[in-house]
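Here is the structure we will look at.
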Amino acid sequence: SALLLDGKALAARIQAELTHEVRSLQERFPRPPGLAVLWVGDNPASAAYVGNKNRSGAGVGIDISKGQHLPATLSEAELLAIVDELNADASVDGILVQLPLPEQIDSNRILDRIDPDKDVDGLHPTNLGRLVRGEPGLRSCTPAGVMRLLAEAGIDLAGKTAVVLGRSILVGKPVALMLLEKNATVIMAHSRTRDLAALTRSADVVVAAVGKPGLVDGAMIKPGAVVIDVGINRITDAAGKSRLVGDVDFASVREVASAITPVPGGVGPMTVTMLLANTVQSYRRRVGS
Ligand code: NAD
């Protein structure tokens with residue numbers, strides 16, 4: 001059965017490297033890297049993500065003290081003012097606004113306000129534009145994590161057919177561009193795609209980023225293909241227990257694929273790790289290292 005692409009282990013290794021890097025940078029520069037995570041309201045999924053980002057950041061030596069938990073009633077103008085303050089704060093290298101935001105706030109207006117060089121989530125139009133152009137810049141964390149997993153597994157993408165399921169600005173679109181940059185032949189599938197199975201069966205690499213448990217099963221996968229499962233879905237299993245699953249039916253796909261990411265423990269831990277890597281990258285740039 002398929003090789004397990006262990007994102008948890010890789011993330012732990014990269015975080016250990018980042019810890020070391022931050023420590024040695026501290027010998028030359030007086031301040032630590034700073035990451036400000038802004039969380040507005042009380043979305044329970046966000047609580048877990050924000051907690052994880054702050055804990056992991058602190059773990060590698062990043063200063064997370066400029067992060068804030070803000071009330072659900074916060075206005076757009078108030079949030080813009082906070083972003084302005086963080087943009088101007090020399091101790092802050094990364095600003096992340098946890099999505100979704102309450103409905104009175106237009107998330108694009110907020111993302112557009114973040115200094116592109118502090119945009120560690122890679123969602124500012126300037127950074128998305130740099131990605132489209134193939135220029136260096138801060139790249140969004142989940143797609144970067146997918147690419148790092150593929151690279152570490154030694155999977156050469158040149159000339160391969162890659163099918164991406166999902167076209168969100170957060171995952172599907174940027175991951176498709178990154179696969180294209182590595183010379184894959186990229187097909188983007190989405191909710192209006194006809195005969196998804198025919199496309200996935202032609203693919204050497206499948207990246208699923210949809211949010212539908214079990215969408216991709218073994219019968220849809222070409223023998224020997226590489227399958228990356230970005231989906232995170234909370235389900236209640238047959239025994240009545242709540243647990244996390246991806247978009248991929250792990251049991252059937254692992255019998256056909258040559259490599260597969262588990263959920264949890266695949267792309268998830270890589271996402272947080274790429275956020276920390278982006279923060280250190282931004283720090284280096286700003287201190288001139
Ligand atoms: P989204 O809801 O913004 O986008 C879902 C996409 O799936 C849409 O583009 C839609 O066109 C497409 N889609 C819907 N039905 C489809 C179908 N039957 N076949 C093919 N495509 C279909 O979601 P998102 O923000 O891109 O997230 C996708 C999934 O990835 C979610 O489960 C989310 O929780 C997860 N996610 C995981 C991480 C991580 O760190 N692992 C990060 C971000 C998102």
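Identifiers for the structure tokens are assigned positionally: chains receive A, B, ... in sequence, residues are indexed from 1 per chain, and ligands are indexed from 1 in the order shown.
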Check which residues of chain A sit at most 9 Å from ligand 1 using only C-alpha atoms and all ligand atoms, and return one row each with the closest pair of atoms and their distance in Å to one decimal, ordered by chain and rising number, as JSON lines.
```
{"residue": "A:Cys141", "atom": "CA", "partner": "ligand 1", "partner_atom_place_in_ligand_line": "40 (O)", "distance": 7.8}
{"residue": "A:Thr142", "atom": "CA", "partner": "ligand 1", "partner_atom_place_in_ligand_line": "40 (O)", "distance": 5.3}
{"residue": "A:Pro143", "atom": "CA", "partner": "ligand 1", "partner_atom_place_in_ligand_line": "42 (C)", "distance": 8.4}
{"residue": "A:Gly145", "atom": "CA", "partner": "ligand 1", "partner_atom_place_in_ligand_line": "40 (O)", "distance": 8.2}
{"residue": "A:Val146", "atom": "CA", "partner": "ligand 1", "partner_atom_place_in_ligand_line": "41 (N)", "distance": 8.9}
{"residue": "A:Val164", "atom": "CA", "partner": "ligand 1", "partner_atom_place_in_ligand_line": "20 (C)", "distance": 8.3}
{"residue": "A:Leu165", "atom": "CA", "partner": "ligand 1", "partner_atom_place_in_ligand_line": "21 (N)", "distance": 4.7}
{"residue": "A:Gly166", "atom": "CA", "partner": "ligand 1", "partner_atom_place_in_ligand_line": "7 (O)", "distance": 3.6}
{"residue": "A:Arg167", "atom": "CA", "partner": "ligand 1", "partner_atom_place_in_ligand_line": "9 (O)", "distance": 3.7}
{"residue": "A:Ser168", "atom": "CA", "partner": "ligand 1", "partner_atom_place_in_ligand_line": "26 (O)", "distance": 4.4}
{"residue": "A:Ile169", "atom": "CA", "partner": "ligand 1", "partner_atom_place_in_ligand_line": "26 (O)", "distance": 7.0}
{"residue": "A:Leu170", "atom": "CA", "partner": "ligand 1", "partner_atom_place_in_ligand_line": "25 (O)", "distance": 5.5}
{"residue": "A:Val171", "atom": "CA", "partner": "ligand 1", "partner_atom_place_in_ligand_line": "26 (O)", "distance": 4.8}
{"residue": "A:Gly172", "atom": "CA", "partner": "ligand 1", "partner_atom_place_in_ligand_line": "26 (O)", "distance": 5.9}
{"residue": "A:Lys173", "atom": "CA", "partner": "ligand 1", "partner_atom_place_in_ligand_line": "9 (O)", "distance": 8.5}
{"residue": "A:Met188", "atom": "CA", "partner": "ligand 1", "partner_atom_place_in_ligand_line": "21 (N)", "distance": 8.6}
{"residue": "A:Ala189", "atom": "CA", "partner": "ligand 1", "partner_atom_place_in_ligand_line": "20 (C)", "distance": 5.3}
{"residue": "A:His190", "atom": "CA", "partner": "ligand 1", "partner_atom_place_in_ligand_line": "21 (N)", "distance": 3.3}
{"residue": "A:Ser191", "atom": "CA", "partner": "ligand 1", "partner_atom_place_in_ligand_line": "16 (C)", "distance": 3.7}
{"residue": "A:Arg192", "atom": "CA", "partner": "ligand 1", "partner_atom_place_in_ligand_line": "11 (O)", "distance": 6.8}
{"residue": "A:Thr193", "atom": "CA", "partner": "ligand 1", "partner_atom_place_in_ligand_line": "20 (C)", "distance": 6.6}
{"residue": "A:Arg194", "atom": "CA", "partner": "ligand 1", "partner_atom_place_in_ligand_line": "19 (N)", "distance": 8.8}
{"residue": "A:Leu196", "atom": "CA", "partner": "ligand 1", "partner_atom_place_in_ligand_line": "19 (N)", "distance": 6.7}
{"residue": "A:Ala208", "atom": "CA", "partner": "ligand 1", "partner_atom_place_in_ligand_line": "29 (C)", "distance": 7.6}
{"residue": "A:Ala209", "atom": "CA", "partner": "ligand 1", "partner_atom_place_in_ligand_line": "28 (C)", "distance": 4.1}
{"residue": "A:Val210", "atom": "CA", "partner": "ligand 1", "partner_atom_place_in_ligand_line": "7 (O)", "distance": 3.6}
{"residue": "A:Gly211", "atom": "CA", "partner": "ligand 1", "partner_atom_place_in_ligand_line": "32 (O)", "distance": 3.1}
{"residue": "A:Lys212", "atom": "CA", "partner": "ligand 1", "partner_atom_place_in_ligand_line": "32 (O)", "distance": 6.6}
{"residue": "A:Pro213", "atom": "CA", "partner": "ligand 1", "partner_atom_place_in_ligand_line": "32 (O)", "distance": 8.2}
{"residue": "A:Leu215", "atom": "CA", "partner": "ligand 1", "partner_atom_place_in_ligand_line": "18 (N)", "distance": 6.9}
{"residue": "A:Val216", "atom": "CA", "partner": "ligand 1", "partner_atom_place_in_ligand_line": "19 (N)", "distance": 8.9}
{"residue": "A:Asp229", "atom": "CA", "partner": "ligand 1", "partner_atom_place_in_ligand_line": "41 (N)", "distance": 7.7}
{"residue": "A:Val230", "atom": "CA", "partner": "ligand 1", "partner_atom_place_in_ligand_line": "41 (N)", "distance": 4.6}
{"residue": "A:Gly231", "atom": "CA", "partner": "ligand 1", "partner_atom_place_in_ligand_line": "32 (O)", "distance": 3.6}
{"residue": "A:Ile232", "atom": "CA", "partner": "ligand 1", "partner_atom_place_in_ligand_line": "32 (O)", "distance": 4.0}
{"residue": "A:Asn233", "atom": "CA", "partner": "ligand 1", "partner_atom_place_in_ligand_line": "32 (O)", "distance": 5.4}
{"residue": "A:Arg234", "atom": "CA", "partner": "ligand 1", "partner_atom_place_in_ligand_line": "32 (O)", "distance": 8.9}
{"residue": "A:Val245", "atom": "CA", "partner": "ligand 1", "partner_atom_place_in_ligand_line": "32 (O)", "distance": 8.9}
{"residue": "A:Gly246", "atom": "CA", "partner": "ligand 1", "partner_atom_place_in_ligand_line": "32 (O)", "distance": 6.8}
{"residue": "A:Asp247", "atom": "CA", "partner": "ligand 1", "partner_atom_place_in_ligand_line": "32 (O)", "distance": 7.0}
{"residue": "A:Val263", "atom": "CA", "partner": "ligand 1", "partner_atom_place_in_ligand_line": "41 (N)", "distance": 8.2}
{"residue": "A:Pro264", "atom": "CA", "partner": "ligand 1", "partner_atom_place_in_ligand_line": "41 (N)", "distance": 8.3}
{"residue": "A:Gly266", "atom": "CA", "partner": "ligand 1", "partner_atom_place_in_ligand_line": "41 (N)", "distance": 7.4}
{"residue": "A:Val267", "atom": "CA", "partner": "ligand 1", "partner_atom_place_in_ligand_line": "41 (N)", "distance": 4.7}
{"residue": "A:Gly268", "atom": "CA", "partner": "ligand 1", "partner_atom_place_in_ligand_line": "41 (N)", "distance": 3.7}
{"residue": "A:Pro269", "atom": "CA", "partner": "ligand 1", "partner_atom_place_in_ligand_line": "40 (O)", "distance": 6.9}
{"residue": "A:Met270", "atom": "CA", "partner": "ligand 1", "partner_atom_place_in_ligand_line": "40 (O)", "distance": 7.1}
{"residue": "A:Thr271", "atom": "CA", "partner": "ligand 1", "partner_atom_place_in_ligand_line": "40 (O)", "distance": 4.8}
{"residue": "A:Val272", "atom": "CA", "partner": "ligand 1", "partner_atom_place_in_ligand_line": "40 (O)", "distance": 7.3}
```
Using only C-alpha atoms, find each residue in range 149-195 of chain A having at least one atom no more than 10 Å away from range 249-260 of chain A; report its shortest atom-to-atom pair and that distance in Å (one decimal), rows by chain then rising number, as a tab-separated table.
```
residue	atom	partner	partner_atom	distance
A:Leu150	CA	A:Ala259	CA	9.7
A:Ala153	CA	A:Ala259	CA	8.9
A:Ile155	CA	A:Ala259	CA	9.6
```
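Computed from the coordinates, the CA of Leu35 in chain A to CA of Ser65 in chain A distance equals 7.8 Å.
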With distances taken over only C-alpha atoms, which of A:Gln104, A:Gly224, A:Val37, A:Asn127 is nearest to Leu3 in chain A? A:Gly224
As number ranges by chain, which residues of range 58-237 of chain A does DSSP assign to helix (DSSP H, G or I)? A: 58-59, 76-88, 107-113, 116-118, 125-133, 141-152, 172-181, 196-201, 218-220
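Of the residues under consideration (A:Ile114, A:Asn43, A:Asn108, A:Gly7), A:Gly7 shows the shortest atom-to-atom contact distance to Glu152 in chain A when counting only C-alpha atoms.
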Residues flagged strand (DSSP E) by DSSP in range 25-68 of chain A, as a PyMOL selection string: chain A and resi 35-40+68
